[in-house]
Amino acid sequence: MQLATATDILNSLPMDVLPLMLLLPLGGAVVAYALGDRGARAVTLLVSAAELVLSVVLALAFDPSIAPSDPSAGMQYVWSVTVGRIRAGGSETDLQFLVGVDGISVVMVVLSNLVVFIAVLASHHIHEAQTMYYALLQTLMTGLLGVFMALDLIAFFVFWELVLIPMFFIIGRWGEEGCQHAAVKFFIYTHLGSVVMLVGFFVLYFVAEPHTFNMVALRNMGLPPEVQVGFALAVFMGAGVKLPVWPLHNWLPWAHVKAPTPGSVILAGILLKMGGYGFIRLGLWMVPDAFARLGIVFAALAVFTCVYAALTAMAQTDLKSMVAYTSINHMSWVLLGVAVAAVGMQLGLQSAASLAVQGAVFMMFSHGTIISVMFIMAGQLKYSAGTREIPEVRGLMERAPRLSRVLVVASLAAFGLPGFSGFVAEALVLFGSVNVYIWTALIAFGVFFTVGYLLWTLNRIVFSDPDPEAEVTDATAADLIAPVLMMVPVLLLGVWPDLVLTLVAPVAQFMLGG
Amino acid sequence: MFVPLGLAAWLVFAVPLTGAALTPVFAKVHESLRDAMAVLVGFVTAFIALDMVPEMLASPSSTDIVLLRWNVVAGHVIDFGVLVDPLSVLLATIAGGIGSLIVLFSVGYMTGYDEDGNLVKDPALTRYYGFMQLFIGGMILLVMADNLLMTFIGWEVVGMCSYALIGFWHNRAQPSPVPEYATEGEYNAACGMKAFMVTRVGDIGLLAGILLLYFITGTFNYTEILETAPTWVGGLTSLTLGLLPIAALLVFAGPIGKSAQFPLHTWLPEAMAGPTTVSALIHAAAMVKAGVYLVARLVPIFLEVFTSVASLMVFFQTVAWIGAITAFMSATMALVQDEIKKVLAYSTISQLGYMFMALGATGLVAEGVAAYTAGTFHLLAHAIFKALLFLAAGSVLHAVQSKSMRDMGGLSREMRVTAATFTVGALSLAGVFPFIGFWSKELIFEALWHGEQYPLFAVAFITAILTAFYTFRMVGMTFFGEKSQHVRDLEAHGHHVHEAPPVMTVPLVLLALAATVGGLFELAFFGFFSGVRTGEAVHFDWSHLAPFSLGVTTLFTVVVWGVGIVPAYLIYFRGGYDFSRLKTGALYRFLVNRWYINRVYHRVFVDGYLWLSRALRDRLEAGLLASGEDVARGMARVSRGWRRTMTGVLNTNVLAMMLGIVAFLCIVLFL
């Protein structure tokens, strides 16, 4: 997009924009912890709003175009700090924090700031140990941003794990009954995935000549094929748990259901995207050939996951758990997009591959926004109706019209009605994927089932006859400000997808061209 | 005429879409402003649509106007634009023109009087008017779109509006008409969902078909597909050659769903749960016409390709025969319905079947254009008389407060305008001269007869007899014969059945007028579609047919009147026969249960789907969860076992140490 004003703003900042964005929440966390309960929320809101503004300015100033033979692979605003040296034999490797962004990263950075901001807004029901909560939330924010900016495998891993720890505490400390079990489960699953990935990182380090953790260098190096495949499998373990892919998805329903509302929002809205981003950055971007080889398996797994999750979601009685399965169902589109893009590139179907990658990134953004709203509404249902059990809630349209309206619109968005961003995402992935593998059209059944269970749920809880004995209160304006704000990008991108796609398309083109 | 064509083609759907978006704003200002704006938007839309007609009549042509270019991938551009040709203008006029009359009618229909005689407006009217305008806008978007993708977007908007509007009265507390739901409101909501879900089955096919077509032709644009046909047909590989008929059939799945054809026809009768105005909009102007439109839009393309890809025959055969089966089947179902709106619903399904029969026959008969004209002309005819019938039925429902025809009877004296206009509609539906339905049905007969499609003709003929019978059964039971107990009760309570207010009767009269003189348009239709396709590879032979021709098939039509209308007149107008015996018969039960199709679907798909999803949750998903627990338990056991070696007893520790040293020495010495 490249607005000159935006560039001027970035230039007038006291330091580089990326490290500033990473350090701001860390500082904010300390301040929030020191200020006490009331100040903590204010500081966190302020910091997350500032971060959001910064990231939007970054997106506006960003020039996404990449020259085909760019040695830095289109990474801009690069900044690094060396934290140590590894001396092995004669060679010496810098252990550094190297950050930089390309179009896809910028999109993810904007999304994570948006989701965290909305999550902070939606945290107004949290009254317990607020200082700790907000401090953790801001630490989490640094971790999230770091993952999307890191250009160095070590930095990537540090940030990747940095996300895990605050999330573990947020689920376990502020969640519902049974949350500790869910938190432990979440930790073990994702950590197991990360460890396998870490092994992959080190193998790559030792295979590379000269030894390096630099992702751009590794990408340009042209690694031996068997190493690539091994690395791709390791990435699959790490990112596949996060995404999640069947059968690694087991932690997700538990963690989402037991977490506090803002926790679920962050989990579904942005944590899962780390998986999708991992697939794109570490997989498609770094080892495309290996992904092309594994593509058919991944695509099949994605299609199966989508339909499976849609069917399982149908049988859930807890609204939040249903939304959690919807999340699995939608994220499988990302894997499908990545897998068919890799295959399509090898088959020479450049435009189909490019469509699929763009669709995958768009799906991450769109899903991050829509599912956040769904989780906030599911959490709100608990406060308004006292329960989230679908069979026990009735007649919401009459009793809680404001809540119902937002819930209905969010549901329509969630099943991908044209006009909302979800449709564009699904259409892009599908247009790309059927050109590569015609059978991937089967994923459309997932869409169909999603429509089915969401409408069925609406009929049962919203458009039904109210139960005269049940006590239902409507959501207040304070409750609805976060979800309504979040619907803005959903609608905007539904009619103007180029807002995101102009950033993504050049990267997709570059990735698939070289 | 007044608005430039390029602008009008955009405005015609931009206006109602904007109107829909602004409805809540107007409602905040004043309720009456909202209603007035809805009517105004309806008429502006109708005006813009009608404004395009003279130009099309004068010189039928096809113009593709691009507004938005979406650069998806370098080199791959999707253009969003509008296609102005006779077909799209016809459909836009139907949606806009009839839609506007329906909105006007709503102003009267959606209000009522409470027990003290005060005017009561439905509290949710903002939602109602918003969705009505969105519905019309979506429909026009669908028909004006110049590419399949944009059509699909409009298609989905229409589907969503049908969901919202059919379930509009979701909070009615009266007991439900079927035992599965507690209240009528819940039943209505479920009906809305059913409509959306069943049509969505077709939509999935449609989307897959669109993708396949894109895969084969490389474009979404109708004009481009047609123009580049020689190129992409030449480039067909054996794979894509086999895929083309499949793509065509998949695309046809969409119309099967939206236009309620067998086997996805089950949603339409339930769609009657919505307000009658919504039914009128669904049946006459929007929604079900979308499917016919899409087939009419694609038939010329497939005809063009047909010369080189003979396997496309399967597409034309399927369209024609699905239409024929549906027409006959739903006509038999209509025979036994007691609710006036249900009769109309089944007749819609049946009439849509006629249209598909004709459109499918386009590829089967030599006079392809005649069949094409017949199909599209019947679409116009049906739009007019079905809107008329529905609105008149709404007027009756409004007066007698009941849906069942058993609660009506003898209303013609109190409701003269309604009765007269309804009868015009019925005559048209039954195909009586000189009303518009006569001309369109006659044209279908002719196309099938001269095309020597005798099996199809036989189905069309039998169905026409059934149609004439049930139509006059409906007229007789509602307006003639003796007054029912219900009506007498109403009158006894001082609630006299009365004619509807002018805001409701004016649309009726306008539509009745159109139904009477509409047959004259046939001439225009011949002009419409003959010019468009001259110079193409497929050249049509027109020699047999001229507009307003009467021939062998007219004899058949007269037979239809005799065999269909006369018995209905004797039984339901004159009365005095007792057929209650038939109600215990197997045939009656078969028909009244809708050939048991609905029940089987419910058992297989709804129950089956629930069963599958629960089985997945309880077996596979639960198993996966349990296996996670098992791993955890296994680890605990291992660690407990290992702990047992840590006894803390000095002797064992020293022993282990010794063993370790020995082992270490062995390694050092021998390796």
# chains A, B, ... in the order shown; residues from 1 in each chain; ligands from 1
call {"tool": "residues_around", "arguments": {"residues": "range 218-223 of chain B", "least_positions_apart": "3", "cutoff": "12 Å", "atoms": "only C-alpha atoms", "output": "ChimeraX atom specification"}}
result
/A:351-352,431,435 /B:62-66,75-85,143-152,207,209-215,226-229,231-233,235-236,294,296-302
call {"tool": "residues_around", "arguments": {"residues": "range 478-489 of chain B", "least_positions_apart": "5", "cutoff": "12 Å", "atoms": "only C-alpha atoms", "output": "PyMOL selection string"}}
result
chain B and resi 338-341+343+392-393+395-397+399-423+426+471-473+494-498+568-577
call {"tool": "residues_around", "arguments": {"residues": "range 238-255 of chain A", "least_positions_apart": "5", "cutoff": "8 Å", "atoms": "only C-alpha atoms", "output": "number ranges by chain"}}
result
A: 171, 179, 182-183, 185-186, 189-190, 192-197, 264, 271-276, 278-279, 301-302, 304-305, 321, 324-325, 328, 331-332; B: 624-625, 628
call {"tool": "closest_atom_pairs", "arguments": {"of": "chain A", "to": "chain B", "cutoff": "7 Å", "atoms": "only C-alpha atoms", "output": "tab-separated table"}}
result
residue	atom	partner	partner_atom	distance
A:Asn250	CA	B:Leu625	CA	6.3
A:Leu311	CA	B:Ser613	CA	4.8
A:Thr312	CA	B:Ser613	CA	5.4
A:Met314	CA	B:Ser613	CA	6.2
A:Ala315	CA	B:Arg614	CA	5.2
A:Ser351	CA	B:Val73	CA	6.0
A:Ser354	CA	B:Val73	CA	6.7
A:Leu355	CA	B:Val73	CA	6.7
A:Leu417	CA	B:Glu156	CA	6.9
A:Pro418	CA	B:Ile153	CA	5.6
A:Phe431	CA	B:Leu211	CA	6.5
A:Asn435	CA	B:Phe215	CA	6.4
A:Ala441	CA	B:Ala208	CA	6.7
A:Ala444	CA	B:Ile204	CA	6.6
A:Gly452	CA	B:Met197	CA	6.5
A:Leu455	CA	B:Met193	CA	6.5
A:Asn459	CA	B:Ala189	CA	6.1
A:Phe463	CA	B:His170	CA	5.7
A:Ser464	CA	B:Glu186	CA	5.2
A:Asp465	CA	B:Asn171	CA	6.4
call {"tool": "write_last_selection", "arguments": {"atoms": "C-alpha atoms", "output": "PDB file, in the first residue's frame"}}
result
ATOM      1  CA  ASN A 250      -6.974 -33.627  21.280  1.00  0.00           C
ATOM      2  CA  LEU A 311     -19.333 -33.800  12.265  1.00  0.00           C
ATOM      3  CA  THR A 312     -17.991 -33.892  15.800  1.00  0.00           C
ATOM      4  CA  MET A 314     -22.524 -31.192  15.537  1.00  0.00           C
ATOM      5  CA  ALA A 315     -22.698 -33.614  18.433  1.00  0.00           C
ATOM      6  CA  SER A 351      -1.657 -19.524 -10.343  1.00  0.00           C
ATOM      7  CA  SER A 354      -0.685 -18.860  -5.504  1.00  0.00           C
ATOM      8  CA  LEU A 355      -4.450 -18.819  -4.977  1.00  0.00           C
ATOM      9  CA  LEU A 417     -21.782 -16.690   3.780  1.00  0.00           C
ATOM     10  CA  PRO A 418     -20.734 -14.479   0.859  1.00  0.00           C
ATOM     11  CA  PHE A 431     -10.247 -22.567  -6.377  1.00  0.00           C
ATOM     12  CA  ASN A 435      -6.994 -27.328  -9.845  1.00  0.00           C
ATOM     13  CA  ALA A 441     -13.612 -30.517  -3.446  1.00  0.00           C
ATOM     14  CA  ALA A 444     -17.078 -28.690   0.668  1.00  0.00           C
ATOM     15  CA  GLY A 452     -26.129 -27.427   9.273  1.00  0.00           C
ATOM     16  CA  LEU A 455     -28.235 -23.097  11.927  1.00  0.00           C
ATOM     17  CA  ASN A 459     -32.833 -22.554  15.905  1.00  0.00           C
ATOM     18  CA  PHE A 463     -35.271 -18.792  17.570  1.00  0.00           C
ATOM     19  CA  SER A 464     -37.057 -21.005  20.020  1.00  0.00           C
ATOM     20  CA  ASP A 465     -39.710 -20.457  22.584  1.00  0.00           C
TER      21      ASP A 465
END
call {"tool": "residues_around", "arguments": {"residues": "Val484 in chain A", "least_positions_apart": "4", "cutoff": "9 Å", "atoms": "only C-alpha atoms", "output": "list of chain:residue names"}}
result
A:Val373, A:Val406, A:Leu480, A:Val488
call {"tool": "select_by_dssp", "arguments": {"residues": "range 235-441 of chain A", "states": "helix (DSSP H, G or I)", "output": "PyMOL selection string"}}
result
chain A and resi 235-242+251-258+261-285+288-314+319-347+350-385+390-392+396-399+401-414+421-436+438-441
call {"tool": "select_by_dssp", "arguments": {"residues": "range 183-427 of chain B", "states": "strand (DSSP E or B)", "output": "NGL selection string"}}
result
:B and (183 or 221 or 339 or 404)
call {"tool": "residues_around", "arguments": {"residues": "Ala342 in chain A", "least_positions_apart": "5", "cutoff": "6 Å", "atoms": "only C-alpha atoms", "output": "tab-separated table (two decimals) with N, CA and C atoms, in the first residue's frame"}}
result
chain	number	residue	atom	x	y	z
A	288	PRO	N	10.12	-26.17	0.37
A	288	PRO	CA	8.97	-26.41	-0.50
A	288	PRO	C	8.98	-27.79	-1.16
A	291	PHE	N	7.60	-30.38	1.07
A	291	PHE	CA	6.16	-30.25	1.23
A	291	PHE	C	5.42	-30.74	-0.01
A	292	ALA	N	6.06	-30.55	-1.16
A	292	ALA	CA	5.41	-31.04	-2.38
A	292	ALA	C	5.32	-32.56	-2.33
call {"tool": "atom_distance", "arguments": {"atom1": "CA of Phe213 in chain A", "atom2": "CA of Tyr77 in chain A"}}
result
18.9 Å
call {"tool": "residues_around", "arguments": {"residues": "Val83 in chain A", "least_positions_apart": "6", "cutoff": "9 Å", "atoms": "only C-alpha atoms", "output": "PyMOL selection string"}}
result
chain A and resi 94-97
call {"tool": "residues_around", "arguments": {"residues": "Tyr601 in chain B", "least_positions_apart": "2", "cutoff": "12 Å", "atoms": "only C-alpha atoms", "output": "NGL selection string"}}
result
:B and (194 or 198 or 263-267 or 594-599 or 603-609)
call {"tool": "closest_residue", "arguments": {"among": "B:Leu380, B:Ala320, B:Leu165, B:Met110", "to": "Leu134 in chain B", "atoms": "only C-alpha atoms"}}
result
B:Leu165
call {"tool": "closest_residue", "arguments": {"among": "A:Gly419, A:Gly295, A:Gly27, A:Gly39", "to": "Thr131 in chain A", "atoms": "only C-alpha atoms"}}
result
A:Gly39
call {"tool": "decode", "arguments": {"residues": "range 248-261 of chain A", "atoms": "all heavy atoms", "output": "CSV table (one decimal), in the first residue's frame"}}
result
chain,number,residue,atom,x,y,z
A,248,LEU,N,-3.9,-34.9,16.1
A,248,LEU,CA,-3.1,-34.2,17.1
A,248,LEU,C,-3.9,-33.2,17.8
A,248,LEU,O,-3.4,-32.3,18.5
A,248,LEU,CB,-1.9,-33.6,16.5
A,248,LEU,CG,-0.9,-34.5,15.7
A,248,LEU,CD1,0.1,-33.7,15.0
A,248,LEU,CD2,-0.3,-35.5,16.6
A,249,HIS,N,-5.3,-33.2,17.6
A,249,HIS,CA,-6.1,-32.1,18.0
A,249,HIS,C,-6.7,-32.2,19.4
A,249,HIS,O,-7.4,-31.4,19.8
A,249,HIS,CB,-7.3,-32.0,17.0
A,249,HIS,CG,-8.2,-33.2,17.2
A,249,HIS,ND1,-7.9,-34.4,16.7
A,249,HIS,CD2,-9.4,-33.3,17.8
A,249,HIS,CE1,-8.9,-35.2,17.0
A,249,HIS,NE2,-9.8,-34.6,17.6
A,250,ASN,N,-6.3,-33.3,20.1
A,250,ASN,CA,-7.0,-33.6,21.3
A,250,ASN,C,-7.0,-32.6,22.4
A,250,ASN,O,-7.9,-32.5,23.2
A,250,ASN,CB,-6.4,-34.9,21.8
A,250,ASN,CG,-7.4,-35.9,21.9
A,250,ASN,OD1,-8.5,-35.7,22.4
A,250,ASN,ND2,-7.2,-37.1,21.3
A,251,TRP,N,-5.9,-31.8,22.5
A,251,TRP,CA,-5.8,-30.9,23.5
A,251,TRP,C,-6.8,-29.7,23.4
A,251,TRP,O,-7.2,-29.1,24.3
A,251,TRP,CB,-4.4,-30.3,23.6
A,251,TRP,CG,-4.0,-29.6,22.3
A,251,TRP,CD1,-3.5,-30.1,21.2
A,251,TRP,CD2,-4.2,-28.2,22.0
A,251,TRP,NE1,-3.3,-29.2,20.2
A,251,TRP,CE2,-3.7,-28.0,20.7
A,251,TRP,CE3,-4.7,-27.1,22.8
A,251,TRP,CZ2,-3.8,-26.7,20.1
A,251,TRP,CZ3,-4.7,-25.9,22.1
A,251,TRP,CH2,-4.2,-25.7,20.8
A,252,LEU,N,-7.1,-29.5,22.1
A,252,LEU,CA,-7.8,-28.2,21.8
A,252,LEU,C,-9.2,-28.1,22.4
A,252,LEU,O,-9.4,-27.1,23.1
A,252,LEU,CB,-7.9,-28.1,20.3
A,252,LEU,CG,-8.5,-26.7,19.8
A,252,LEU,CD1,-7.7,-26.2,18.7
A,252,LEU,CD2,-9.9,-26.9,19.4
A,253,PRO,N,-10.1,-29.0,22.3
A,253,PRO,CA,-11.4,-28.8,22.9
A,253,PRO,C,-11.3,-28.6,24.4
A,253,PRO,O,-12.0,-27.7,24.9
A,253,PRO,CB,-12.1,-30.1,22.6
A,253,PRO,CG,-11.4,-30.8,21.5
A,253,PRO,CD,-10.0,-30.3,21.6
A,254,TRP,N,-10.4,-29.3,25.0
A,254,TRP,CA,-10.3,-29.1,26.5
A,254,TRP,C,-9.8,-27.7,26.8
A,254,TRP,O,-10.4,-27.0,27.6
A,254,TRP,CB,-9.3,-30.1,27.0
A,254,TRP,CG,-9.9,-31.5,27.2
A,254,TRP,CD1,-10.2,-32.4,26.2
A,254,TRP,CD2,-10.4,-32.0,28.4
A,254,TRP,NE1,-10.8,-33.5,26.8
A,254,TRP,CE2,-10.9,-33.3,28.1
A,254,TRP,CE3,-10.5,-31.5,29.7
A,254,TRP,CZ2,-11.5,-34.1,29.1
A,254,TRP,CZ3,-11.1,-32.3,30.7
A,254,TRP,CH2,-11.6,-33.6,30.3
A,255,ALA,N,-8.7,-27.4,26.2
A,255,ALA,CA,-8.1,-26.1,26.5
A,255,ALA,C,-9.1,-24.9,26.2
A,255,ALA,O,-9.3,-24.0,27.0
A,255,ALA,CB,-6.8,-25.9,25.7
A,256,HIS,N,-9.8,-25.0,25.0
A,256,HIS,CA,-10.7,-23.9,24.7
A,256,HIS,C,-11.8,-23.8,25.6
A,256,HIS,O,-12.3,-22.7,25.9
A,256,HIS,CB,-11.2,-24.1,23.2
A,256,HIS,CG,-10.2,-23.7,22.2
A,256,HIS,ND1,-9.0,-24.3,22.1
A,256,HIS,CD2,-10.3,-22.8,21.2
A,256,HIS,CE1,-8.4,-23.7,21.1
A,256,HIS,NE2,-9.1,-22.8,20.5
A,257,VAL,N,-12.4,-25.0,26.0
A,257,VAL,CA,-13.6,-24.9,26.8
A,257,VAL,C,-13.3,-24.5,28.2
A,257,VAL,O,-14.0,-23.7,28.8
A,257,VAL,CB,-14.3,-26.3,26.8
A,257,VAL,CG1,-15.4,-26.3,27.8
A,257,VAL,CG2,-14.8,-26.6,25.4
A,258,LYS,N,-12.2,-24.9,28.7
A,258,LYS,CA,-11.9,-24.6,30.1
A,258,LYS,C,-11.3,-23.2,30.3
A,258,LYS,O,-11.3,-22.7,31.4
A,258,LYS,CB,-11.0,-25.7,30.7
A,258,LYS,CG,-11.5,-27.1,30.7
A,258,LYS,CD,-12.8,-27.2,31.4
A,258,LYS,CE,-13.4,-28.6,31.3
A,258,LYS,NZ,-14.8,-28.6,31.8
A,259,ALA,N,-10.7,-22.7,29.3
A,259,ALA,CA,-10.0,-21.4,29.4
A,259,ALA,C,-11.0,-20.3,29.7
A,259,ALA,O,-12.2,-20.4,29.3
A,259,ALA,CB,-9.2,-21.1,28.1
A,260,PRO,N,-10.6,-19.2,30.3
A,260,PRO,CA,-11.5,-18.0,30.4
A,260,PRO,C,-11.7,-17.5,29.0
A,260,PRO,O,-10.9,-17.7,28.1
A,260,PRO,CB,-10.7,-17.1,31.2
A,260,PRO,CG,-9.3,-17.4,31.0
A,260,PRO,CD,-9.2,-18.9,30.8
A,261,THR,N,-12.8,-16.7,28.8
A,261,THR,CA,-13.1,-16.2,27.5
A,261,THR,C,-12.0,-15.6,26.7
A,261,THR,O,-11.7,-16.0,25.6
A,261,THR,CB,-14.3,-15.3,27.6
A,261,THR,OG1,-15.4,-15.9,28.2
A,261,THR,CG2,-14.7,-14.8,26.2
